[in-house]
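A.B. asks: Quick one: the structure is below, questions incoming.
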Amino acid sequence: NAGVMQNPRHLVRRRGQEARLRCSPMKGHSHVYWYRQLPEEGLKFMVYLQKENIIDESGMPKERFSAEFPKEGPSILRIQQVVRGDSAAYFCASSPGYGNQPQHFGDGTRLSIL
Amino acid sequence: EDQVTQSPEALRLQEGESSSLNCSYTVSGLRGLFWYRQDPGKGPEFLFTLYSAGEEKEKERLKATLTKKESFLHITAPKPEDSATYLCAVQARGDRGSTLGRLYFGRGTQLTVWP
């Protein structure tokens, strides 16, 4: 499967714990994007990364959220000290490079906070 | 602020009954408009990219068109397997002509096609 791979597909955390979401882009893609989809809402942009570089994090909450895309390995979205409001589906997308090329999405991680 | 509005929110069609979905947008400079299909529990699946007013793209029973203010997704003779949520997203031009990578999504149109 050469598509965007996200894991885990489902993640349950208790309030105050940390959540780590992983994303491996499509083969040949060097740009990664994270989006969040809350119930009854549309997809909202969070962060845009290239290898070892954050390009645009304007959609990410200033506290508790961080993202990285290291030289080796998947991109990681990290949420510290999770709260109930963090419950959502988190989607990763990738594209080949700059410009207006289409982004291809994974099937998401469903995060539930108890 | 850049915005994308889709209508209707939900649409029920009988198999074979053609219709159109609307996506209106306000962005400071359009770099691309994208249509996706999303099935329950899945991620958005890319369908089309449109870059300039007057452009049209077709794929099987779907045809996407673009004007300066809106895009339409026309569905001809739909089948039950076309049932899904259809999402519209735009990519804007940033300062100095650069492309902002982020996509602005509408809330989608939930299409149900019954036999």
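We name chains A, B, ... following the order of the structure tokens; residues begin at 1 in each chain, and ligands are numbered from 1 as shown.
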Using only C-alpha atoms, what table do you get, as a tab-separated table, when you list each residue of chain B with an atom no more than 12 Å from chain A, its nearest pair of atoms, and their distance in Å rounded to one decimal, rows by chain then rising number?
C.D. replies:
```
residue	atom	partner	partner_atom	distance
B:Gln3	CA	A:Gly42	CA	11.6
B:Val4	CA	A:Gly42	CA	10.1
B:Thr5	CA	A:Gly42	CA	10.4
B:Gln6	CA	A:Gly42	CA	10.6
B:Glu9	CA	A:Glu40	CA	11.0
B:Leu30	CA	A:Asn100	CA	9.8
B:Arg31	CA	A:Asn100	CA	6.2
B:Gly32	CA	A:Asn100	CA	6.1
B:Leu33	CA	A:Asn100	CA	9.0
B:Phe34	CA	A:Pro102	CA	7.3
B:Trp35	CA	A:Pro102	CA	9.6
B:Tyr36	CA	A:His104	CA	9.6
B:Arg37	CA	A:Phe105	CA	10.9
B:Gln38	CA	A:Asp107	CA	9.7
B:Asp39	CA	A:Asp107	CA	9.9
B:Pro40	CA	A:Asp107	CA	10.0
B:Gly41	CA	A:Asp107	CA	7.2
B:Lys42	CA	A:Asp107	CA	4.7
B:Gly43	CA	A:Asp107	CA	4.0
B:Pro44	CA	A:Phe105	CA	5.9
B:Glu45	CA	A:Phe105	CA	6.8
B:Phe46	CA	A:His104	CA	6.5
B:Leu47	CA	A:Pro102	CA	9.4
B:Phe48	CA	A:Pro102	CA	8.4
B:Thr49	CA	A:Pro102	CA	7.0
B:Leu50	CA	A:Asn100	CA	10.0
B:Tyr51	CA	A:Asn100	CA	8.6
B:Thr85	CA	A:Gly42	CA	11.1
B:Tyr86	CA	A:Gly42	CA	11.3
B:Leu87	CA	A:Gly42	CA	8.8
B:Cys88	CA	A:Gly42	CA	10.1
B:Ala89	CA	A:Leu43	CA	9.4
B:Val90	CA	A:Asn100	CA	9.7
B:Gln91	CA	A:Asn100	CA	7.1
B:Ala92	CA	A:Asn100	CA	8.9
B:Arg93	CA	A:Asn100	CA	9.4
B:Gly94	CA	A:Gly99	CA	11.1
B:Gly97	CA	A:Gly99	CA	10.6
B:Ser98	CA	A:Gly99	CA	8.0
B:Thr99	CA	A:Gly99	CA	5.7
B:Leu100	CA	A:Gly99	CA	8.0
B:Gly101	CA	A:Tyr48	CA	7.0
B:Arg102	CA	A:Phe45	CA	6.3
B:Leu103	CA	A:Phe45	CA	6.8
B:Tyr104	CA	A:Lys44	CA	7.2
B:Phe105	CA	A:Leu43	CA	5.9
B:Gly106	CA	A:Gly42	CA	6.0
B:Arg107	CA	A:Gly42	CA	4.3
B:Gly108	CA	A:Gly42	CA	7.2
B:Thr109	CA	A:Gly42	CA	10.7
B:Gln110	CA	A:Glu40	CA	11.7
```
A.B. asks: Let's see if you can do this: from backbone DSSP, list all strand (DSSP E or B) residues in chain A, as a ChimeraX atom specification.
C.D. replies: /A:5-7,10-13,19-24,31-37,43-50,53-56,65-68,75-79,88-95,104-105,109-113
A.B. asks: Using C-alpha atoms, can you export the residues from the last selection as an mmCIF file, in the first residue's frame?
C.D. replies:
```cif
data_model
loop_
_atom_site.group_PDB
_atom_site.id
_atom_site.type_symbol
_atom_site.label_atom_id
_atom_site.label_comp_id
_atom_site.auth_asym_id
_atom_site.auth_seq_id
_atom_site.Cartn_x
_atom_site.Cartn_y
_atom_site.Cartn_z
ATOM 1 C CA MET A 5 -0.279 5.553 6.618
ATOM 2 C CA GLN A 6 -1.486 6.713 10.006
ATOM 3 C CA ASN A 7 -1.312 4.895 13.288
ATOM 4 C CA HIS A 10 -7.915 4.557 17.359
ATOM 5 C CA LEU A 11 -6.355 5.939 20.522
ATOM 6 C CA VAL A 12 -7.917 6.223 23.962
ATOM 7 C CA ARG A 13 -6.324 8.406 26.607
ATOM 8 C CA ALA A 19 -1.102 11.280 22.872
ATOM 9 C CA ARG A 20 1.302 10.555 20.009
ATOM 10 C CA LEU A 21 -0.046 10.242 16.492
ATOM 11 C CA ARG A 22 2.126 8.991 13.645
ATOM 12 C CA CYS A 23 2.026 9.601 9.920
ATOM 13 C CA SER A 24 4.109 8.106 7.126
ATOM 14 C CA HIS A 31 5.516 17.559 2.581
ATOM 15 C CA VAL A 32 3.170 16.630 5.425
ATOM 16 C CA TYR A 33 0.065 18.377 6.727
ATOM 17 C CA TRP A 34 -2.038 17.700 9.817
ATOM 18 C CA TYR A 35 -5.747 18.487 10.051
ATOM 19 C CA ARG A 36 -8.300 18.007 12.811
ATOM 20 C CA GLN A 37 -11.958 17.127 12.300
ATOM 21 C CA LEU A 43 -11.483 19.731 8.537
ATOM 22 C CA LYS A 44 -9.295 22.401 10.124
ATOM 23 C CA PHE A 45 -5.647 22.924 9.249
ATOM 24 C CA MET A 46 -3.138 22.532 12.071
ATOM 25 C CA VAL A 47 0.429 22.395 10.789
ATOM 26 C CA TYR A 48 2.513 22.010 7.612
ATOM 27 C CA LEU A 49 5.953 20.388 7.739
ATOM 28 C CA GLN A 50 8.814 19.343 5.552
ATOM 29 C CA ASN A 53 11.339 21.934 9.200
ATOM 30 C CA ILE A 54 8.022 23.457 10.299
ATOM 31 C CA ILE A 55 6.684 25.595 7.459
ATOM 32 C CA ASP A 56 3.380 26.808 8.920
ATOM 33 C CA PHE A 65 0.470 20.618 20.833
ATOM 34 C CA SER A 66 3.666 20.018 18.883
ATOM 35 C CA ALA A 67 4.623 18.399 15.599
ATOM 36 C CA GLU A 68 7.779 17.145 13.997
ATOM 37 C CA SER A 75 5.842 12.648 11.240
ATOM 38 C CA ILE A 76 4.595 12.852 14.837
ATOM 39 C CA LEU A 77 1.775 14.975 16.236
ATOM 40 C CA ARG A 78 2.105 15.150 19.999
ATOM 41 C CA ILE A 79 -0.573 16.322 22.406
ATOM 42 C CA ALA A 88 -11.459 14.346 17.420
ATOM 43 C CA ALA A 89 -10.282 12.655 14.248
ATOM 44 C CA TYR A 90 -6.782 13.734 13.266
ATOM 45 C CA PHE A 91 -5.854 13.407 9.611
ATOM 46 C CA CYS A 92 -2.477 13.553 7.974
ATOM 47 C CA ALA A 93 -1.965 14.422 4.320
ATOM 48 C CA SER A 94 1.094 14.505 2.102
ATOM 49 C CA SER A 95 2.072 16.084 -1.196
ATOM 50 C CA HIS A 104 -3.481 12.892 -0.305
ATOM 51 C CA PHE A 105 -4.942 11.854 3.025
ATOM 52 C CA THR A 109 -6.500 8.597 14.038
ATOM 53 C CA ARG A 110 -9.640 8.755 16.177
ATOM 54 C CA LEU A 111 -8.623 10.138 19.558
ATOM 55 C CA SER A 112 -10.976 9.634 22.480
ATOM 56 C CA ILE A 113 -10.358 11.233 25.869
#
```
A.B. asks: Please compute the CA of Val27 in chain B-CA of Leu66 in chain B distance, one decimal, in Å.
C.D. replies: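 Answer for the CA of Val27 in chain B to CA of Leu66 in chain B separation: 14.0 Å.
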A.B. asks: To one decimal place, how far is CA of Lys51 in chain A from CA of Ser30 in chain A in Å?
C.D. replies: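 Between CA of Lys51 in chain A and CA of Ser30 in chain A the gap is 6.6 Å.
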A.B. asks: Excluding Asn22 in chain B and any residue of its chain fewer than 2 positions from it, enumerate the residues within 7 Å of it, using only C-alpha atoms, and give them as a list in words.
C.D. replies: Gln6, Ser7, Ser20, Ser24, Ser71, Phe72 and Leu73 of chain B
A.B. asks: For those residues, write C-alpha atoms to a file as a compact mmCIF listing (two decimals), in the first residue's frame.
C.D. replies:
```txt
# COMPACT_ATOMS: atom_id res chain seq x y z
CA GLN B 6 -20.89 24.18 0.65
CA SER B 7 -24.56 23.61 -0.12
CA SER B 20 -25.26 19.42 -8.53
CA SER B 24 -18.65 29.01 -2.92
CA SER B 71 -17.43 25.51 -8.08
CA PHE B 72 -20.03 22.90 -8.93
CA LEU B 73 -19.78 19.15 -8.71
```
A.B. asks: Looking at B:Glu55, B:Glu70, B:Glu60, B:Glu15, which one is nearest to Thr112 in chain B, with distances taken over only C-alpha atoms?
C.D. replies: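 Once distances to Thr112 in chain B are computed over only C-alpha atoms, the minimum belongs to B:Glu15.
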